[in-house]
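*Asks:* Can you keep this structure in mind? I'll have questions shortly.
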Amino acid sequence: MAAIVQPFWKRKTLAQLTHEEWESLCDGCGLCCLQKLEDDEDGGIYYTRIACKLLDLTTCKCTNYENRKNYVPDCIQLTPEHTADFHWLPNSCAYRLVSEGKDLPIWHHLICENPDAVHTERISQSGRMLSEQDVNENDWEQHLIFRSN
């Protein structure tokens, strides 16, 4: 009887992943590319439906991923070295889940083999976001959608 091989995210640490494996963990929800507000009193991170100017509002993919730092200097690049900082990522984020020793959700494309499941299950904000270019920064509080815990 052949041994069952565990998927890479179960048998490797984030630091052991190849570049391709790391990138494939991204579920394509685009939530990390939404503008966030931090509560000065308790440090809570609140997500808005205001998207980075480079995020495609339908596909939830960066329109210039390779060069994004040139256009958005404060874009946060997720890396295995910074997993302790992943607490601000949504609970559904594969990077956060794997860093916490949890499995991927059933709708994740590596499980269901459907890259659109993140949208059909309404995990992403596809079709419900606004571009940061269309909303005055003073009005962002009017567009809060959830708090990261």
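By convention here, the chains of the structure tokens are called A, B, ... in the order presented, each chain's residues are numbered starting at 1, and ligands are numbered starting at 1 in the order presented.
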Would you list the contacts of A:Val98 as a PyMOL selection string, taking every protein, DNA or RNA residue within 10 Å and counting only C-alpha atoms, but skipping same-chain residues closer than 2 positions in sequence?

*Replies:* chain A and resi 9-10+12-14+25+83+93-96+100-104

*Asks:* Could you please take those selected residues and save N, CA and C atoms as a CSV table (one decimal), in the first residue's frame?

*Replies:*
chain,number,residue,atom,x,y,z
A,9,TRP,N,1.8,22.2,2.5
A,9,TRP,CA,1.5,23.2,3.6
A,9,TRP,C,1.4,22.4,4.9
A,10,LYS,N,1.2,21.1,4.9
A,10,LYS,CA,1.1,20.3,6.1
A,10,LYS,C,2.5,19.7,6.5
A,12,LYS,N,5.6,21.0,5.5
A,12,LYS,CA,6.7,22.0,5.6
A,12,LYS,C,6.3,23.2,6.4
A,13,THR,N,7.3,23.8,7.0
A,13,THR,CA,7.0,25.1,7.6
A,13,THR,C,7.0,26.1,6.5
A,14,LEU,N,6.5,27.3,6.8
A,14,LEU,CA,6.4,28.4,5.8
A,14,LEU,C,7.8,28.7,5.3
A,25,LEU,N,0.0,29.6,-2.1
A,25,LEU,CA,-0.9,29.6,-0.8
A,25,LEU,C,-1.9,30.8,-0.9
A,83,THR,N,6.1,35.9,9.9
A,83,THR,CA,4.8,35.2,10.3
A,83,THR,C,4.3,35.7,11.7
A,93,CYS,N,-7.2,33.8,5.8
A,93,CYS,CA,-5.9,33.9,5.0
A,93,CYS,C,-5.1,32.6,5.2
A,94,ALA,N,-4.7,32.0,4.1
A,94,ALA,CA,-3.9,30.8,4.1
A,94,ALA,C,-2.6,31.0,4.8
A,95,TYR,N,-2.0,32.1,4.6
A,95,TYR,CA,-0.7,32.4,5.2
A,95,TYR,C,-0.8,32.4,6.7
A,96,ARG,N,-1.9,33.0,7.2
A,96,ARG,CA,-2.1,33.1,8.6
A,96,ARG,C,-2.5,31.7,9.2
A,100,GLU,N,-0.3,29.4,11.8
A,100,GLU,CA,-0.9,29.0,13.1
A,100,GLU,C,-1.1,27.5,13.2
A,101,GLY,N,-0.6,26.7,12.3
A,101,GLY,CA,-0.7,25.3,12.3
A,101,GLY,C,-2.1,24.7,11.9
A,102,LYS,N,-2.9,25.5,11.3
A,102,LYS,CA,-4.3,25.1,10.9
A,102,LYS,C,-4.3,24.7,9.4
A,103,ASP,N,-5.4,24.0,9.0
A,103,ASP,CA,-5.5,23.5,7.7
A,103,ASP,C,-6.2,24.6,6.8
A,104,LEU,N,-6.1,24.4,5.5
A,104,LEU,CA,-6.8,25.4,4.6
A,104,LEU,C,-8.3,25.1,4.6

*Asks:* Within 12 Å of A:Arg122, counting only C-alpha atoms, which residues qualify if same-chain residues fewer than 4 places away don't, as a list in words?

*Replies:*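 With the cut-off at 12 Å, the set is Gly28, Cys29, Gly30, Leu31, Thr58, Cys60, Ser92, Trp107, Asp116, Ala117, Val118, Ser126, Gly127 and Arg128 of chain A.
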
*Asks:* Could you dump the residues just selected with N, CA and C atoms as a short mmCIF file (atom, residue, chain, number, x, y, z; two decimals), in the first residue's frame?

*Replies:*
data_model
loop_
_atom_site.label_atom_id
_atom_site.label_comp_id
_atom_site.auth_asym_id
_atom_site.auth_seq_id
_atom_site.Cartn_x
_atom_site.Cartn_y
_atom_site.Cartn_z
N GLY A 28 -6.15 34.50 -3.25
CA GLY A 28 -6.65 35.47 -4.22
C GLY A 28 -7.82 36.29 -3.72
N CYS A 29 -7.99 36.38 -2.41
CA CYS A 29 -9.13 37.14 -1.88
C CYS A 29 -8.91 38.64 -1.97
N GLY A 30 -7.66 39.09 -1.97
CA GLY A 30 -7.36 40.52 -2.05
C GLY A 30 -7.58 41.28 -0.76
N LEU A 31 -7.97 40.62 0.31
CA LEU A 31 -8.26 41.33 1.56
C LEU A 31 -7.02 42.02 2.13
N THR A 58 -12.47 43.37 -9.46
CA THR A 58 -13.25 42.17 -9.76
C THR A 58 -12.46 40.90 -9.51
N CYS A 60 -9.58 40.68 -7.89
CA CYS A 60 -8.85 40.76 -6.61
C CYS A 60 -7.37 40.44 -6.77
N SER A 92 -9.31 34.01 7.52
CA SER A 92 -9.41 33.08 6.40
C SER A 92 -8.12 32.97 5.59
N TRP A 107 -12.87 25.83 0.59
CA TRP A 107 -12.99 26.64 -0.62
C TRP A 107 -11.64 27.08 -1.20
N ASP A 116 -11.84 30.27 -8.52
CA ASP A 116 -12.94 31.23 -8.36
C ASP A 116 -13.77 30.98 -7.10
N ALA A 117 -13.52 29.89 -6.40
CA ALA A 117 -14.31 29.56 -5.20
C ALA A 117 -14.21 30.67 -4.16
N VAL A 118 -13.07 31.31 -4.05
CA VAL A 118 -12.90 32.40 -3.09
C VAL A 118 -13.90 33.53 -3.35
N SER A 126 -14.79 40.84 -4.04
CA SER A 126 -14.95 41.04 -5.47
C SER A 126 -16.29 41.69 -5.78
N GLY A 127 -16.23 42.80 -6.52
CA GLY A 127 -17.44 43.51 -6.90
C GLY A 127 -18.03 44.38 -5.79
N ARG A 128 -17.42 44.37 -4.61
CA ARG A 128 -17.94 45.14 -3.48
C ARG A 128 -16.93 46.16 -2.95
#

*Asks:* Closest to A:Ala51 among A:Asn64, A:Asn70, A:Leu110, A:Cys32, using only C-alpha atoms?

*Replies:*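 Ranked by minimum distance to A:Ala51, first place goes to A:Cys32.
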
*Asks:* Return as a ChimeraX atom specification the full set of residues in stretch 4-65 of chain A whose backbone-based DSSP assignment is strand (DSSP E or B).

*Replies:* /A:34-38,45-51,55,62

*Asks:* Grab the atom CA of A:Ile123 to atom CA of A:Leu37 distance for me, in Å with one decimal place.

*Replies:*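 Separation between atom CA of A:Ile123 and atom CA of A:Leu37: 20.0 Å.
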
*Asks:* Determine, counting only C-alpha atoms, which protein, DNA and RNA residues have an atom within 10 Å of an atom of A:Asn91; residues of the same chain fewer than 5 positions away are not included. Present the result as a VMD selection string.

*Replies:* chain A and resid 86 96 to 97 148 to 149

*Asks:* Next, dump the selected residues to file, keeping only N, CA and C atoms, as a PDB file, in the first residue's frame.

*Replies:*
ATOM      1  N   PHE A  86       1.514  38.235  11.299  1.00  0.00           N
ATOM      2  CA  PHE A  86       0.355  37.885  10.480  1.00  0.00           C
ATOM      3  C   PHE A  86      -0.975  38.053  11.213  1.00  0.00           C
ATOM      4  N   ARG A  96      -1.856  33.036   7.205  1.00  0.00           N
ATOM      5  CA  ARG A  96      -2.119  33.080   8.645  1.00  0.00           C
ATOM      6  C   ARG A  96      -2.485  31.689   9.167  1.00  0.00           C
ATOM      7  N   LEU A  97      -3.369  30.993   8.464  1.00  0.00           N
ATOM      8  CA  LEU A  97      -3.799  29.662   8.905  1.00  0.00           C
ATOM      9  C   LEU A  97      -2.622  28.704   9.021  1.00  0.00           C
ATOM     10  N   SER A 148     -10.055  42.705  12.273  1.00  0.00           N
ATOM     11  CA  SER A 148      -9.192  41.530  12.356  1.00  0.00           C
ATOM     12  C   SER A 148      -8.964  41.198  13.821  1.00  0.00           C
ATOM     13  N   ASN A 149      -9.010  39.910  14.139  1.00  0.00           N
ATOM     14  CA  ASN A 149      -8.748  39.513  15.531  1.00  0.00           C
ATOM     15  C   ASN A 149      -7.632  38.526  15.618  1.00  0.00           C
TER      16      ASN A 149
END

*Asks:* Looking at only C-alpha atoms, which of A:Cys33, A:Pro90, A:Asp40, A:Ser99 is the one that sits closest to A:Cys75?

*Replies:*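 Of A:Cys33, A:Pro90, A:Asp40, A:Ser99, the one nearest A:Cys75, counting only C-alpha atoms, is A:Cys33.
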
*Asks:* I need the residues in chain A that are alpha helix (DSSP H) according to DSSP; give them as a PyMOL selection string.

*Replies:* chain A and resi 8-11+19-25+68-71+94-99+109-112+117-120

*Asks:* I'd like the contact shell of A:Leu34 - 9 Å cut-off, only C-alpha atoms, skipping same-chain residues fewer than 3 positions apart - returned as a PyMOL selection string.

*Replies:* chain A and resi 30-31+47-52+55+129+132

*Asks:* Work out how far apart atom CA of A:Ile45 and atom CA of A:Trp88 are and give it in Å to one decimal.

*Replies:* 6.5 Å

*Asks:* From the list A:Lys61, A:His19, A:Lys36, A:Arg147, which residue is nearest A:Pro115 when using only C-alpha atoms?

*Replies:*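 Looking at the shortest contact to A:Pro115, the residue is A:Lys61.
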
*Asks:* One decimal, in Å: what's the spacing between atom CA of A:His108 and atom CA of A:Asp27?

*Replies:*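 Separation between atom CA of A:His108 and atom CA of A:Asp27: 6.1 Å.
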
*Asks:* Considering only C-alpha atoms, can you say which of A:Ala84, A:Glu41, A:Arg68, A:Glu113 comes closest to A:Lys53?

*Replies:*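 Of A:Ala84, A:Glu41, A:Arg68, A:Glu113, the one nearest A:Lys53, counting only C-alpha atoms, is A:Arg68.
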